[in-house]
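data10.cif follows (mmCIF, C-alpha atoms):
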```
data_query
loop_
_atom_site.label_atom_id
_atom_site.label_comp_id
_atom_site.auth_asym_id
_atom_site.auth_seq_id
_atom_site.Cartn_x
_atom_site.Cartn_y
_atom_site.Cartn_z
CA MET A 49 24.32 -1.77 -7.46
CA SER A 50 27.39 -2.75 -5.48
CA SER A 51 27.36 -5.86 -3.29
CA PRO A 52 28.06 -5.55 0.44
CA ALA A 53 31.26 -7.07 1.78
CA PRO A 54 30.91 -10.46 3.52
CA GLY A 55 29.59 -9.91 7.03
CA ALA A 56 28.68 -6.27 6.31
CA VAL A 57 25.42 -4.90 7.68
CA ARG A 58 23.37 -3.49 4.81
CA PRO A 59 20.84 -0.69 5.41
CA ALA A 60 17.32 -1.67 4.37
CA ALA A 61 13.73 -0.44 4.52
CA THR A 62 10.43 -2.29 4.71
CA VAL A 63 6.86 -1.02 4.75
CA LEU A 64 3.80 -2.19 6.65
CA LEU A 65 1.10 -1.37 4.09
CA LEU A 66 -2.19 -0.94 5.92
CA ARG A 67 -5.89 -0.69 5.15
CA ASP A 68 -9.08 -1.05 7.18
CA GLY A 69 -11.05 -4.28 6.98
CA ALA A 70 -14.23 -5.62 8.55
CA GLU A 71 -12.28 -6.91 11.58
CA GLY A 72 -9.89 -4.02 12.01
CA PRO A 73 -6.61 -3.06 10.35
CA GLU A 74 -5.22 -5.36 7.68
CA VAL A 75 -1.60 -5.61 6.58
CA TYR A 76 -0.15 -6.74 3.26
CA LEU A 77 2.14 -9.78 3.44
CA LEU A 78 4.23 -11.43 0.75
CA ARG A 79 5.49 -15.01 1.07
CA ARG A 80 8.97 -15.06 -0.38
CA THR A 81 9.65 -17.88 -2.84
CA ARG A 82 11.59 -20.87 -1.56
CA GLY A 83 15.23 -20.91 -2.53
CA MET A 84 15.71 -17.15 -2.20
CA PRO A 85 19.04 -16.31 -0.52
CA PHE A 86 17.29 -14.49 2.34
CA ALA A 87 14.09 -15.55 4.15
CA GLY A 88 12.95 -17.99 1.47
CA GLY A 89 9.51 -19.42 2.32
CA MET A 90 8.90 -16.73 4.94
CA SER A 91 6.06 -14.19 4.95
CA ALA A 92 7.27 -10.60 5.11
CA TYR A 93 6.36 -7.04 4.21
CA PRO A 94 7.46 -5.39 0.95
CA GLY A 95 11.00 -4.12 1.34
CA GLY A 96 14.67 -4.57 0.60
CA GLY A 97 18.14 -3.09 0.74
CA VAL A 98 19.06 0.51 0.01
CA ASP A 99 20.05 1.11 -3.63
CA ASP A 100 23.07 3.20 -4.61
CA ARG A 101 20.80 5.86 -6.13
CA ASP A 102 18.28 6.11 -3.28
CA GLY A 103 20.27 9.07 -1.97
CA ASP A 104 19.68 11.21 -5.08
CA THR A 105 19.17 14.78 -3.88
CA GLU A 106 17.45 15.85 -7.11
CA LEU A 107 14.30 13.94 -6.17
CA ALA A 108 11.22 16.11 -5.48
CA TRP A 109 10.11 15.66 -1.87
CA VAL A 110 6.93 16.42 0.10
CA GLY A 111 6.73 16.02 3.86
CA PRO A 112 9.28 15.90 6.68
CA ALA A 113 12.76 16.73 5.39
CA PRO A 114 15.57 14.16 5.51
CA ALA A 115 17.06 16.02 8.49
CA GLU A 116 13.83 15.39 10.45
CA TRP A 117 13.78 11.76 9.39
CA ALA A 118 17.37 11.42 10.59
CA GLU A 119 16.19 12.23 14.12
CA SER A 120 13.44 9.59 13.91
CA LEU A 121 15.45 6.85 12.24
CA GLY A 122 18.83 7.31 13.90
CA GLY A 123 21.61 8.14 11.46
CA ASP A 124 22.71 11.03 9.32
CA GLU A 125 20.68 12.99 6.79
CA ARG A 126 21.96 11.05 3.78
CA LEU A 127 21.06 7.69 5.31
CA ALA A 128 17.61 9.00 6.22
CA ARG A 129 17.02 10.12 2.62
CA GLU A 130 18.17 6.72 1.35
CA LEU A 131 15.91 4.82 3.74
CA VAL A 132 12.79 6.83 2.94
CA CYS A 133 13.47 6.54 -0.80
CA ALA A 134 14.13 2.81 -0.47
CA ALA A 135 10.82 2.39 1.38
CA VAL A 136 8.90 4.13 -1.43
CA ARG A 137 10.84 2.39 -4.20
CA GLU A 138 10.52 -1.11 -2.75
CA THR A 139 6.80 -0.65 -2.12
CA PHE A 140 6.28 0.20 -5.77
CA GLU A 141 8.58 -2.59 -6.99
CA GLU A 142 7.09 -5.33 -4.83
CA ALA A 143 3.47 -4.27 -4.31
CA GLY A 144 2.69 -1.89 -7.17
CA VAL A 145 1.83 0.92 -4.73
CA LEU A 146 3.46 4.32 -5.26
CA LEU A 147 3.58 6.87 -2.44
CA ALA A 148 3.88 9.94 -4.65
CA GLY A 149 1.91 12.95 -5.85
CA PRO A 150 2.13 15.93 -8.21
CA ALA A 151 5.35 17.84 -7.58
CA ALA A 152 3.62 21.17 -8.12
CA GLY A 153 1.37 20.62 -5.09
CA GLY A 154 4.05 21.33 -2.50
CA GLY A 155 3.74 21.27 1.27
CA GLY A 156 1.15 19.11 2.98
CA THR A 157 -1.56 19.80 0.40
CA ALA A 158 -0.01 17.77 -2.40
CA GLY A 159 -2.27 15.27 -4.14
CA LEU A 160 -1.74 11.59 -4.67
CA VAL A 161 -1.30 9.36 -7.68
CA ASP A 162 -4.52 7.34 -7.68
CA ASP A 163 -3.79 4.70 -10.33
CA VAL A 164 -0.44 3.14 -11.23
CA SER A 165 -1.71 -0.04 -12.85
CA GLY A 166 -1.48 0.77 -16.58
CA GLU A 167 0.94 -0.75 -19.10
CA GLU A 168 3.25 2.28 -19.11
CA TRP A 169 3.43 2.29 -15.33
CA GLU A 170 4.20 -1.42 -15.42
CA ARG A 171 7.08 -0.91 -17.86
CA GLU A 172 8.54 1.72 -15.56
CA ARG A 173 8.09 -0.48 -12.51
CA ARG A 174 9.98 -3.31 -14.22
CA ALA A 175 12.74 -0.89 -15.26
CA LEU A 176 13.02 0.25 -11.65
CA LEU A 177 13.21 -3.37 -10.49
CA ALA A 178 15.94 -4.09 -13.05
CA HIS A 179 17.97 -1.02 -11.92
CA GLU A 180 17.54 0.50 -15.39
CA LEU A 181 15.70 3.45 -13.85
CA SER A 182 16.08 5.21 -10.51
CA LEU A 183 13.20 6.39 -8.35
CA SER A 184 14.18 10.02 -8.89
CA GLU A 185 14.18 9.52 -12.68
CA LEU A 186 10.77 7.83 -12.62
CA LEU A 187 9.24 10.63 -10.55
CA ALA A 188 10.91 13.40 -12.56
CA ARG A 189 9.65 12.16 -15.91
CA ARG A 190 6.11 12.22 -14.52
CA ASP A 191 6.54 15.49 -12.59
CA LEU A 192 5.87 13.73 -9.29
CA ALA A 193 7.21 14.14 -5.77
CA LEU A 194 7.90 11.49 -3.18
CA ARG A 195 5.29 11.73 -0.40
CA ALA A 196 7.42 11.28 2.71
CA ASP A 197 4.48 12.54 4.78
CA LEU A 198 2.58 9.30 4.08
CA LEU A 199 5.17 7.21 5.94
CA ARG A 200 5.53 6.75 9.68
CA PRO A 201 8.59 5.29 11.45
CA PHE A 202 7.56 2.04 13.14
CA ALA A 203 10.53 -0.12 14.18
CA HIS A 204 14.28 -0.65 13.81
CA TRP A 205 15.78 -4.15 13.69
CA ILE A 206 19.37 -5.28 13.15
CA THR A 207 20.33 -8.82 12.12
CA PRO A 208 22.68 -10.22 14.78
CA PRO A 209 26.28 -11.24 14.06
CA GLY A 210 26.78 -14.74 12.75
CA GLU A 211 23.92 -14.66 10.26
CA GLY A 212 24.79 -15.13 6.58
CA ARG A 213 23.13 -11.88 5.51
CA ARG A 214 22.84 -8.95 7.88
CA TYR A 215 20.49 -5.98 7.54
CA ASP A 216 20.00 -2.79 9.50
CA THR A 217 16.31 -2.33 8.73
CA ARG A 218 13.92 0.51 9.44
CA PHE A 219 10.25 -0.44 9.37
CA PHE A 220 7.73 2.14 8.16
CA ALA A 221 3.93 2.12 8.21
CA ALA A 222 1.72 3.62 5.49
CA LEU A 223 -1.88 3.53 4.32
CA VAL A 224 -2.52 2.31 0.79
CA PRO A 225 -3.51 5.45 -1.16
CA ALA A 226 -7.13 5.65 -2.30
CA GLY A 227 -7.48 4.38 -5.85
CA GLN A 228 -4.39 2.16 -5.69
CA GLU A 229 -4.35 -1.58 -5.08
CA ALA A 230 -1.48 -3.66 -3.74
CA ARG A 231 -0.73 -6.58 -6.02
CA ASP A 232 1.85 -9.34 -6.34
CA VAL A 233 4.13 -8.05 -9.11
CA SER A 234 7.72 -8.57 -7.98
CA GLY A 235 8.23 -12.20 -8.96
CA GLU A 236 9.90 -12.76 -5.58
CA ALA A 237 6.75 -14.06 -3.86
CA ASP A 238 4.48 -17.04 -4.36
CA GLU A 239 1.66 -15.60 -2.26
CA ALA A 240 0.39 -12.09 -1.51
CA VAL A 241 -2.42 -11.54 0.99
CA TRP A 242 -4.21 -8.90 2.99
CA THR A 243 -4.72 -10.26 6.50
CA THR A 244 -5.33 -9.07 10.02
CA PRO A 245 -2.32 -9.22 12.33
CA ALA A 246 -4.20 -11.64 14.61
CA ALA A 247 -4.93 -14.05 11.74
CA ALA A 248 -1.31 -14.00 10.54
CA LEU A 249 -0.05 -14.67 14.06
CA THR A 250 -2.49 -17.55 14.50
CA GLU A 251 -1.20 -19.11 11.28
CA HIS A 252 2.36 -18.60 12.46
CA ARG A 253 1.73 -20.39 15.75
CA ALA A 254 0.09 -23.25 13.84
CA GLY A 255 3.22 -23.58 11.70
CA THR A 256 1.50 -22.62 8.44
CA ARG A 257 2.92 -19.10 8.09
CA PRO A 258 6.61 -18.98 9.03
CA MET A 259 7.92 -15.49 9.67
CA LEU A 260 11.12 -13.92 10.94
CA PRO A 261 11.12 -12.35 14.44
CA PRO A 262 10.79 -8.71 13.24
CA THR A 263 7.62 -9.57 11.28
CA ILE A 264 6.14 -11.48 14.20
CA HIS A 265 6.90 -8.73 16.70
CA THR A 266 5.59 -5.87 14.54
CA LEU A 267 2.39 -7.84 13.83
CA GLU A 268 1.93 -8.19 17.59
CA GLN A 269 2.33 -4.42 17.90
CA LEU A 270 -0.21 -3.82 15.09
CA ALA A 271 -2.74 -6.18 16.67
CA ALA A 272 -3.26 -3.71 19.52
CA PHE A 273 -4.75 -1.02 17.25
CA PRO A 274 -8.48 -0.83 16.35
CA ASP A 275 -7.90 0.64 12.89
CA ALA A 276 -5.21 1.65 10.42
CA ALA A 277 -5.29 5.35 11.36
CA SER A 278 -4.66 4.45 15.00
CA ALA A 279 -1.70 2.32 13.97
CA LEU A 280 -0.15 5.27 12.15
CA ALA A 281 -0.87 7.64 15.01
CA GLY A 282 0.58 5.13 17.46
CA SER A 283 3.92 4.78 15.70
CA PRO A 284 6.73 4.91 18.27
CA PRO A 285 8.11 8.33 19.21
CA ALA A 286 11.47 9.29 17.74
CA PRO A 287 14.11 8.09 17.80
CA LEU A 288 13.46 4.41 17.18
CA GLU A 289 15.26 2.04 19.53
CA PRO A 290 17.21 -0.57 17.55
CA ILE A 291 16.44 -4.20 18.34
CA MET A 292 19.10 -6.88 17.78
CA PRO A 293 17.95 -10.30 18.99
CA THR A 294 20.01 -13.25 20.13
CA PHE A 295 19.02 -16.87 19.49
CA ALA A 296 18.56 -19.72 21.96
CA GLU A 297 18.26 -23.42 21.14
CA GLU A 298 15.99 -25.15 23.66
CA PRO A 299 14.11 -28.47 23.87
CA GLY A 300 10.95 -26.66 22.80
CA GLY A 301 12.56 -25.21 19.68
CA ARG A 302 14.60 -22.21 18.61
CA PHE A 303 13.78 -18.81 20.09
CA ALA A 304 14.72 -15.24 19.27
CA VAL A 305 15.39 -13.35 22.50
CA LEU A 306 14.94 -9.58 22.41
CA PRO A 307 16.88 -7.09 24.57
CA ASP A 308 13.86 -6.67 26.88
CA GLY A 309 13.63 -10.44 27.44
CA THR A 310 10.74 -11.07 25.05
CA ARG A 311 11.00 -14.55 23.52
CA ILE A 312 9.75 -15.33 20.01
CA ARG A 313 9.50 -18.95 18.91
CA MET A 314 10.93 -19.57 15.44
CA VAL A 315 8.93 -21.60 12.91
CA LEU A 316 10.79 -22.75 9.80
CA PRO A 317 9.12 -23.22 6.40
CA LEU A 318 7.83 -26.71 5.68
CA PRO A 319 9.93 -28.76 3.23
CA ALA A 320 8.93 -28.30 -0.40
#
```
Structure encoded using structure tokens:
Amino acid sequence: MSSPAPGAVRPAATVLLLRDGAEGPEVYLLRRTRGMPFAGGMSAYPGGGVDDRDGDTELAWVGPAPAEWAESLGGDERLARELVCAAVRETFEEAGVLLAGPAAGGGGTAGLVDDVSGEEWERERRALLAHELSLSELLARRDLALRADLLRPFAHWITPPGEGRRYDTRFFAALVPAGQEARDVSGEADEAVWTTPAAALTEHRAGTRPMLPPTIHTLEQLAAFPDAASALAGSPPAPLEPIMPTFAEEPGGRFAVLPDGTRIRMVLPLPA
């Protein structure tokens, strides 16, 4: 995979994995290990940058076509394909959840893979993580199709100029498929939890769960929904409006300021 030029904005995808809990919708958060070049010590959703092979057109596909996704995500058809593929790939790499089903199903009636936890699946997941295998190759060898219909567009954030690493990130929402379990498998996290948005935000305000502004803001959006299905149904209408914050240093701390004036207080990870 090629490295972006210094200062370049890299396209990326991240997924809000959802399930229903006793107190409403729960979301899956990973706390990135300290020392990582980006967001070390911060809690975030599974996700990452677009891979060179995420645009493979040979990949079997169920659900809205890339052209439809392009309208929702803002961008051309190729970028839309890459972002949706990156969302599915990163979710499998970092959470062990695969949004795919039998390729022969076709249309909206395709089934789902209900268990991807065996040793053979794990070997393939590690090969995907090591860039020894592409998502299209993994799905083809198992006669599976990517289930684009399981994803919903949720948000679009762009890292502002001046930051060391910049990402143009589309956020997606998806339910964990029945029979699959999210698990900490990537090696890039030292904690993986299911939590309600309200609980995560309370921890953030207390200084015990540092998060970047996009995570904080999308958790605040999720907190308004009574269940996971409502969160998916309430995903913003297309196209997503990109959000690029600015930062303000004030006596009370550092704040991210959104285009609509919303202010998000930054909380840094505690020293190791």
Enumerate, in order of chain and increasing residue number, the residues of range 263-303 of chain A with an atom no farther than 6 Å from range 202-207 of chain A, each with its shortest atom pair and distance in Å to one decimal, counting all atoms listed in the file, as a Markdown table.
```
| residue | atom | partner | partner_atom | distance |
| --- | --- | --- | --- | --- |
| A:Ser283 | CA | A:Phe202 | CA | 5.2 |
| A:Pro284 | CA | A:Phe202 | CA | 5.9 |
| A:Pro290 | CA | A:His204 | CA | 4.8 |
| A:Ile291 | CA | A:Trp205 | CA | 4.7 |
| A:Met292 | CA | A:Ile206 | CA | 4.9 |
```
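Against the coordinates shown, the PyMOL selection byres ((chain A and resi 112) around 10) returns Trp109, Val110, Gly111, Ala113, Pro114, Ala115, Glu116, Trp117, Gly155, Gly156, Arg195, Ala196, Asp197, Leu198 and Leu199 of chain A.
Residue nearest Met90 in chain A, chosen from A:Gly159, A:Phe303, A:Ala248, A:Glu268 and counting all atoms listed in the file: A:Ala248.
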Would you kindly return, as a list in words, each protein, DNA or RNA residue with an atom no farther than 12 Å from any atom of Gly300 in chain A, considering only C-alpha atoms and excluding same-chain residues fewer than 2 positions away? Ala296, Glu297, Glu298, Arg302, Phe303, Ile312, Arg313, Met314 and Val315 of chain A
Show me, as an mmCIF file with C-alpha atoms, in the frame of the given file, the residues that have an atom within 8 Å of Val161 in chain A when counting all atoms listed in the file, minus same-chain residues fewer than 6 positions from it.
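To be explicit, this is the file written out as around-v1.cif:
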```cif
data_model
loop_
_atom_site.group_PDB
_atom_site.id
_atom_site.type_symbol
_atom_site.label_atom_id
_atom_site.label_comp_id
_atom_site.auth_asym_id
_atom_site.auth_seq_id
_atom_site.Cartn_x
_atom_site.Cartn_y
_atom_site.Cartn_z
ATOM 1 C CA LEU A 146 3.460 4.320 -5.260
ATOM 2 C CA LEU A 147 3.580 6.870 -2.440
ATOM 3 C CA ALA A 148 3.880 9.940 -4.650
ATOM 4 C CA GLY A 149 1.910 12.950 -5.850
ATOM 5 C CA PRO A 150 2.130 15.930 -8.210
ATOM 6 C CA PRO A 225 -3.510 5.450 -1.160
#
```
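Across the structure, CA of His252 in chain A and CA of Gln269 in chain A are spaced 15.2 Å apart.
For the choices A:Ala281, A:Leu77, A:Leu186, A:Leu176, the atom-to-atom distance to Thr243 in chain A is smallest for A:Leu77 when using all atoms listed in the file.
When all atoms listed in the file are used to measure the gap to Asp124 in chain A, the shortest distance among A:Asp308, A:Gly144, A:Glu167, A:Gly103 belongs to A:Gly103.
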A:Phe140, A:Glu251, A:Ala56, A:Thr62 ranked by distance to Glu229 in chain A, top pick (using all atoms listed in the file): A:Phe140
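Here CA of Phe219 in chain A is placed at a distance of 27.4 Å from CA of Arg171 in chain A.
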Report as a PyMOL selection string the residues that result from applying the PyMOL selection byres ((chain A and resi 67) around 7) to the structure here. chain A and resi 66+68-69+73-75+223-224+276
Evaluating the PyMOL selection byres ((chain A and resi 214) around 10) on the displayed file yields which residues, as a PyMOL selection string? chain A and resi 52+54-60+86+206-213+215-217
Prev. selection, C-alpha atoms, output as a PDB file, in the frame of the given file:
```
ATOM      1  CA  PRO A  52      28.060  -5.550   0.440  1.00  0.00           C
ATOM      2  CA  PRO A  54      30.910 -10.460   3.520  1.00  0.00           C
ATOM      3  CA  GLY A  55      29.590  -9.910   7.030  1.00  0.00           C
ATOM      4  CA  ALA A  56      28.680  -6.270   6.310  1.00  0.00           C
ATOM      5  CA  VAL A  57      25.420  -4.900   7.680  1.00  0.00           C
ATOM      6  CA  ARG A  58      23.370  -3.490   4.810  1.00  0.00           C
ATOM      7  CA  PRO A  59      20.840  -0.690   5.410  1.00  0.00           C
ATOM      8  CA  ALA A  60      17.320  -1.670   4.370  1.00  0.00           C
ATOM      9  CA  PHE A  86      17.290 -14.490   2.340  1.00  0.00           C
ATOM     10  CA  ILE A 206      19.370  -5.280  13.150  1.00  0.00           C
ATOM     11  CA  THR A 207      20.330  -8.820  12.120  1.00  0.00           C
ATOM     12  CA  PRO A 208      22.680 -10.220  14.780  1.00  0.00           C
ATOM     13  CA  PRO A 209      26.280 -11.240  14.060  1.00  0.00           C
ATOM     14  CA  GLY A 210      26.780 -14.740  12.750  1.00  0.00           C
ATOM     15  CA  GLU A 211      23.920 -14.660  10.260  1.00  0.00           C
ATOM     16  CA  GLY A 212      24.790 -15.130   6.580  1.00  0.00           C
ATOM     17  CA  ARG A 213      23.130 -11.880   5.510  1.00  0.00           C
ATOM     18  CA  TYR A 215      20.490  -5.980   7.540  1.00  0.00           C
ATOM     19  CA  ASP A 216      20.000  -2.790   9.500  1.00  0.00           C
ATOM     20  CA  THR A 217      16.310  -2.330   8.730  1.00  0.00           C
TER      21      THR A 217
END
```
Residues near Ala134 in chain A, anyone? I mean within 9 Å using all atoms listed in the file, not counting same-chain ones fewer than 4 positions away, as a ChimeraX atom specification. /A:60-62,95-99,102-103,129-130,138-139,183
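Neighbouring residues of Leu181 in chain A at 10 Å or closer, counting only C-alpha atoms and skipping chain neighbours under 6 positions away, are Arg101, Glu172, Arg173, Arg174 and Ala175 of chain A.
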For CA of Ala237 in chain A and CA of Leu78 in chain A, the interatomic separation in Å (one decimal): 5.9 Å
Name the residues within 12 Å of (2.7, -21.1, 9.8), counting only C-alpha atoms in the file's coordinates, and put them as a PDB file with C-alpha atoms, in the coordinates of the input.
```pdb
ATOM      1  CA  ARG A  79       5.490 -15.010   1.070  1.00  0.00           C
ATOM      2  CA  GLY A  89       9.510 -19.420   2.320  1.00  0.00           C
ATOM      3  CA  MET A  90       8.900 -16.730   4.940  1.00  0.00           C
ATOM      4  CA  SER A  91       6.060 -14.190   4.950  1.00  0.00           C
ATOM      5  CA  ALA A 247      -4.930 -14.050  11.740  1.00  0.00           C
ATOM      6  CA  ALA A 248      -1.310 -14.000  10.540  1.00  0.00           C
ATOM      7  CA  LEU A 249      -0.050 -14.670  14.060  1.00  0.00           C
ATOM      8  CA  THR A 250      -2.490 -17.550  14.500  1.00  0.00           C
ATOM      9  CA  GLU A 251      -1.200 -19.110  11.280  1.00  0.00           C
ATOM     10  CA  HIS A 252       2.360 -18.600  12.460  1.00  0.00           C
ATOM     11  CA  ARG A 253       1.730 -20.390  15.750  1.00  0.00           C
ATOM     12  CA  ALA A 254       0.090 -23.250  13.840  1.00  0.00           C
ATOM     13  CA  GLY A 255       3.220 -23.580  11.700  1.00  0.00           C
ATOM     14  CA  THR A 256       1.500 -22.620   8.440  1.00  0.00           C
ATOM     15  CA  ARG A 257       2.920 -19.100   8.090  1.00  0.00           C
ATOM     16  CA  PRO A 258       6.610 -18.980   9.030  1.00  0.00           C
ATOM     17  CA  MET A 259       7.920 -15.490   9.670  1.00  0.00           C
ATOM     18  CA  LEU A 260      11.120 -13.920  10.940  1.00  0.00           C
ATOM     19  CA  ILE A 264       6.140 -11.480  14.200  1.00  0.00           C
ATOM     20  CA  ARG A 313       9.500 -18.950  18.910  1.00  0.00           C
ATOM     21  CA  MET A 314      10.930 -19.570  15.440  1.00  0.00           C
ATOM     22  CA  VAL A 315       8.930 -21.600  12.910  1.00  0.00           C
ATOM     23  CA  LEU A 316      10.790 -22.750   9.800  1.00  0.00           C
ATOM     24  CA  PRO A 317       9.120 -23.220   6.400  1.00  0.00           C
ATOM     25  CA  LEU A 318       7.830 -26.710   5.680  1.00  0.00           C
TER      26      LEU A 318
END
```
3 Å per side around range 167-181 of chain A: axis-aligned box centre and edge lengths, as AutoDock Vina command-line options:
```
--center_x 9.5 --center_y -0.3 --center_z -14.8 --size_x 23.0 --size_y 13.5 --size_z 14.6
```
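Minimum distance to Cys133 in chain A across A:Leu280, A:Ala240, A:Leu187, A:Val164 (counting only C-alpha atoms) occurs at A:Leu187.
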For each of A:Tyr93, A:Gln228, A:Arg189, A:Glu71, take the minimum atom-to-atom distance to Ala271 in chain A, counting only C-alpha atoms, then give the residue where this is smallest. A:Glu71
From the block you just saw, export range 199-217 of chain A: N, CA and C atoms, as a PDB file, in the first residue's frame.
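The result, written out as decode27.pdb:
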```
ATOM      1  N   LEU A 199     -24.949  -1.312   5.517  1.00  0.00           N
ATOM      2  CA  LEU A 199     -24.315  -0.072   5.961  1.00  0.00           C
ATOM      3  C   LEU A 199     -25.238   1.129   5.729  1.00  0.00           C
ATOM      4  N   ARG A 200     -25.125   2.108   6.602  1.00  0.00           N
ATOM      5  CA  ARG A 200     -25.818   3.377   6.410  1.00  0.00           C
ATOM      6  C   ARG A 200     -24.808   4.514   6.524  1.00  0.00           C
ATOM      7  N   PRO A 201     -24.879   5.512   5.650  1.00  0.00           N
ATOM      8  CA  PRO A 201     -24.000   6.683   5.808  1.00  0.00           C
ATOM      9  C   PRO A 201     -24.385   7.435   7.071  1.00  0.00           C
ATOM     10  N   PHE A 202     -23.412   7.895   7.841  1.00  0.00           N
ATOM     11  CA  PHE A 202     -23.739   8.530   9.126  1.00  0.00           C
ATOM     12  C   PHE A 202     -23.104   9.912   9.299  1.00  0.00           C
ATOM     13  N   ALA A 203     -21.850  10.076   8.882  1.00  0.00           N
ATOM     14  CA  ALA A 203     -21.197  11.377   9.063  1.00  0.00           C
ATOM     15  C   ALA A 203     -19.985  11.470   8.147  1.00  0.00           C
ATOM     16  N   HIS A 204     -19.482  12.685   7.983  1.00  0.00           N
ATOM     17  CA  HIS A 204     -18.328  12.947   7.124  1.00  0.00           C
ATOM     18  C   HIS A 204     -17.469  14.009   7.809  1.00  0.00           C
ATOM     19  N   TRP A 205     -16.263  13.615   8.217  1.00  0.00           N
ATOM     20  CA  TRP A 205     -15.349  14.513   8.922  1.00  0.00           C
ATOM     21  C   TRP A 205     -14.029  14.608   8.170  1.00  0.00           C
ATOM     22  N   ILE A 206     -13.447  15.802   8.171  1.00  0.00           N
ATOM     23  CA  ILE A 206     -12.152  16.036   7.530  1.00  0.00           C
ATOM     24  C   ILE A 206     -11.200  16.640   8.558  1.00  0.00           C
ATOM     25  N   THR A 207     -10.031  16.041   8.722  1.00  0.00           N
ATOM     26  CA  THR A 207      -9.014  16.586   9.620  1.00  0.00           C
ATOM     27  C   THR A 207      -8.568  17.951   9.098  1.00  0.00           C
ATOM     28  N   PRO A 208      -8.521  18.954   9.963  1.00  0.00           N
ATOM     29  CA  PRO A 208      -8.153  20.300   9.481  1.00  0.00           C
ATOM     30  C   PRO A 208      -6.678  20.413   9.130  1.00  0.00           C
ATOM     31  N   PRO A 209      -6.321  21.414   8.327  1.00  0.00           N
ATOM     32  CA  PRO A 209      -4.916  21.645   7.991  1.00  0.00           C
ATOM     33  C   PRO A 209      -4.092  21.887   9.250  1.00  0.00           C
ATOM     34  N   GLY A 210      -2.826  21.535   9.175  1.00  0.00           N
ATOM     35  CA  GLY A 210      -1.933  21.742  10.305  1.00  0.00           C
ATOM     36  C   GLY A 210      -1.737  20.522  11.166  1.00  0.00           C
ATOM     37  N   GLU A 211      -2.625  19.535  11.041  1.00  0.00           N
ATOM     38  CA  GLU A 211      -2.470  18.298  11.796  1.00  0.00           C
ATOM     39  C   GLU A 211      -1.457  17.397  11.095  1.00  0.00           C
ATOM     40  N   GLY A 212      -0.740  16.585  11.885  1.00  0.00           N
ATOM     41  CA  GLY A 212       0.304  15.732  11.321  1.00  0.00           C
ATOM     42  C   GLY A 212      -0.214  14.713  10.330  1.00  0.00           C
ATOM     43  N   ARG A 213      -1.358  14.115  10.626  1.00  0.00           N
ATOM     44  CA  ARG A 213      -1.999  13.161   9.721  1.00  0.00           C
ATOM     45  C   ARG A 213      -3.412  13.649   9.447  1.00  0.00           C
ATOM     46  N   ARG A 214      -3.776  13.699   8.174  1.00  0.00           N
ATOM     47  CA  ARG A 214      -5.082  14.215   7.808  1.00  0.00           C
ATOM     48  C   ARG A 214      -5.891  13.124   7.100  1.00  0.00           C
ATOM     49  N   TYR A 215      -7.163  13.025   7.488  1.00  0.00           N
ATOM     50  CA  TYR A 215      -8.062  12.021   6.917  1.00  0.00           C
ATOM     51  C   TYR A 215      -9.364  12.669   6.488  1.00  0.00           C
ATOM     52  N   ASP A 216      -9.888  12.187   5.384  1.00  0.00           N
ATOM     53  CA  ASP A 216     -11.204  12.565   4.890  1.00  0.00           C
ATOM     54  C   ASP A 216     -12.068  11.325   5.124  1.00  0.00           C
ATOM     55  N   THR A 217     -12.791  11.312   6.241  1.00  0.00           N
ATOM     56  CA  THR A 217     -13.390  10.078   6.754  1.00  0.00           C
ATOM     57  C   THR A 217     -14.902  10.076   6.651  1.00  0.00           C
TER      58      THR A 217
END
```
